[in-house]
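Colleague: Sharing a structure with you now.
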Amino acid sequence: MLLSRDKSQLLIVDVQDKLLRAISGRDRVIDRCVRLAQAARRLGVPITLSEQYPQGLGPTADSVRDAVADEGYVFDKVEFSCPKNEPLRRRLHELRRQGRSQVVVGGIEAHVCVTQTAMDLVGQGFEAFVVSDAVGSRSKASCKLALSRLLKSSVDVVDSEMVLFEWLERSGTPEFKELQSLIK
């Protein structure tokens, strides 16, 4: 199934400074999460951020928060899976009731919070799309294993360009002209 901006919501999981320090390919993860947030804002796709134990791990990275601006909702959690956190689950399900059953997921760590979140989303009737170039783990092997496992678990694994082009649907539009700089 293709992504549709009218059926999508964006979930960025735990992209926090103290966690990022140990992430393999962290600059790519941050860049792609920023890219997704900017596109989501421009195209009216709702954005949700989670922060794992922010009292100890700090807030979401500034560049991601700046890209989201005041158009996203931030939720603290201690659960590894976002849908296991009551306020997050309510937010995700409320957006689904509004017709947004596709959840595009980026963040860290791929083999822990991202995998558990995506698998739980599928179990709760969502379509989950994990953005391979917008997720990371401390080791490349853990990230690769997570993506392989997700593919076997009814989770779609995509990249950020696939998301953008599927949300845009066509060239020549004002949105395309504005967002093509994110792809170059």
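Letters A, B, ... mark the chains of the structure tokens in the order given; residue numbers begin at 1 per chain; ligand numbers begin at 1, in order shown.
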In range 34-167 of chain A, what's strand (DSSP E) per DSSP? Answer as a VMD selection string?
Modeller: chain A and resid 47 to 52 72 to 77 102 to 108 127 to 136 156 to 158
Colleague: Identify, on the basis of only C-alpha atoms, every residue whose closest approach to range 86-98 of chain A does not exceed 12 Å; exclude the query and any residue fewer than 2 positions from it along the same chain; express the result as a PDB file with C-alpha atoms, in the first residue's frame.
Modeller:
```pdb
ATOM      1  CA  ASP A   6      -4.310  12.404   4.121  1.00  0.00           C
ATOM      2  CA  LYS A   7      -4.070   9.008   5.833  1.00  0.00           C
ATOM      3  CA  SER A   8      -0.649   9.500   7.467  1.00  0.00           C
ATOM      4  CA  GLN A   9       0.697  10.651  10.783  1.00  0.00           C
ATOM      5  CA  LEU A  10       4.381  11.017  11.663  1.00  0.00           C
ATOM      6  CA  LEU A  11       5.843   9.577  14.862  1.00  0.00           C
ATOM      7  CA  ILE A  12       9.422  10.488  15.801  1.00  0.00           C
ATOM      8  CA  VAL A  13      10.687   8.247  18.589  1.00  0.00           C
ATOM      9  CA  VAL A  45       0.513  15.529   8.318  1.00  0.00           C
ATOM     10  CA  PRO A  46       0.152  15.466  12.134  1.00  0.00           C
ATOM     11  CA  ILE A  47       3.397  14.994  14.075  1.00  0.00           C
ATOM     12  CA  THR A  48       3.930  13.245  17.406  1.00  0.00           C
ATOM     13  CA  LEU A  49       7.234  13.071  19.294  1.00  0.00           C
ATOM     14  CA  SER A  50       8.122  10.708  22.118  1.00  0.00           C
ATOM     15  CA  GLU A  51      10.875  11.238  24.666  1.00  0.00           C
ATOM     16  CA  GLY A  72       3.691  18.591  17.027  1.00  0.00           C
ATOM     17  CA  TYR A  73       2.833  17.005  20.326  1.00  0.00           C
ATOM     18  CA  VAL A  74       5.577  15.762  22.670  1.00  0.00           C
ATOM     19  CA  PHE A  75       4.982  12.897  25.097  1.00  0.00           C
ATOM     20  CA  ASP A  76       7.230  11.674  27.900  1.00  0.00           C
ATOM     21  CA  LYS A  77       7.422   7.919  28.346  1.00  0.00           C
ATOM     22  CA  VAL A  78       9.253   5.173  30.158  1.00  0.00           C
ATOM     23  CA  GLU A  79       7.740   2.371  28.065  1.00  0.00           C
ATOM     24  CA  PHE A  80       9.839   1.192  25.146  1.00  0.00           C
ATOM     25  CA  SER A  81       6.796   0.872  22.862  1.00  0.00           C
ATOM     26  CA  CYS A  82       4.935   4.130  22.254  1.00  0.00           C
ATOM     27  CA  PRO A  83       1.490   2.458  22.109  1.00  0.00           C
ATOM     28  CA  LYS A  84       2.067   1.077  25.607  1.00  0.00           C
ATOM     29  CA  ARG A 100      -4.971   8.609   9.726  1.00  0.00           C
ATOM     30  CA  SER A 101      -4.247   4.885  10.018  1.00  0.00           C
ATOM     31  CA  GLN A 102      -0.766   5.066   8.453  1.00  0.00           C
ATOM     32  CA  VAL A 103       2.008   5.775  10.974  1.00  0.00           C
ATOM     33  CA  VAL A 104       5.370   6.803   9.545  1.00  0.00           C
ATOM     34  CA  VAL A 105       8.031   6.099  12.181  1.00  0.00           C
ATOM     35  CA  THR A 117       6.438   0.568  18.603  1.00  0.00           C
ATOM     36  CA  ASP A 120       2.564  -2.923  18.493  1.00  0.00           C
ATOM     37  CA  LEU A 121       1.051  -0.468  15.998  1.00  0.00           C
ATOM     38  CA  GLN A 124      -3.463  -2.509  17.062  1.00  0.00           C
ATOM     39  CA  GLY A 125      -4.643  -2.260  13.457  1.00  0.00           C
ATOM     40  CA  PHE A 126      -2.404   0.524  12.133  1.00  0.00           C
ATOM     41  CA  GLU A 127      -0.281   0.402   9.002  1.00  0.00           C
ATOM     42  CA  ALA A 128       3.282   1.026  10.210  1.00  0.00           C
TER      43      ALA A 128
END
```
Colleague: Could you tell me, as an MDAnalysis selection string, which residues of chain A DSSP assigns to helix (DSSP H, G or I) when given the backbone?
Modeller: chainID A and resid 17:20 26:43 54:57 62:68 82:84 86:97 110:123 140:151 160:168 174:183
Colleague: Got a sec: who's within 10 Å of Gln180 in chain A, counting only C-alpha atoms, leaving out chain neighbours fewer than 5 positions off, as JSON, numbers by chain?
Modeller: {"A": [39, 164, 165, 168, 171, 175]}
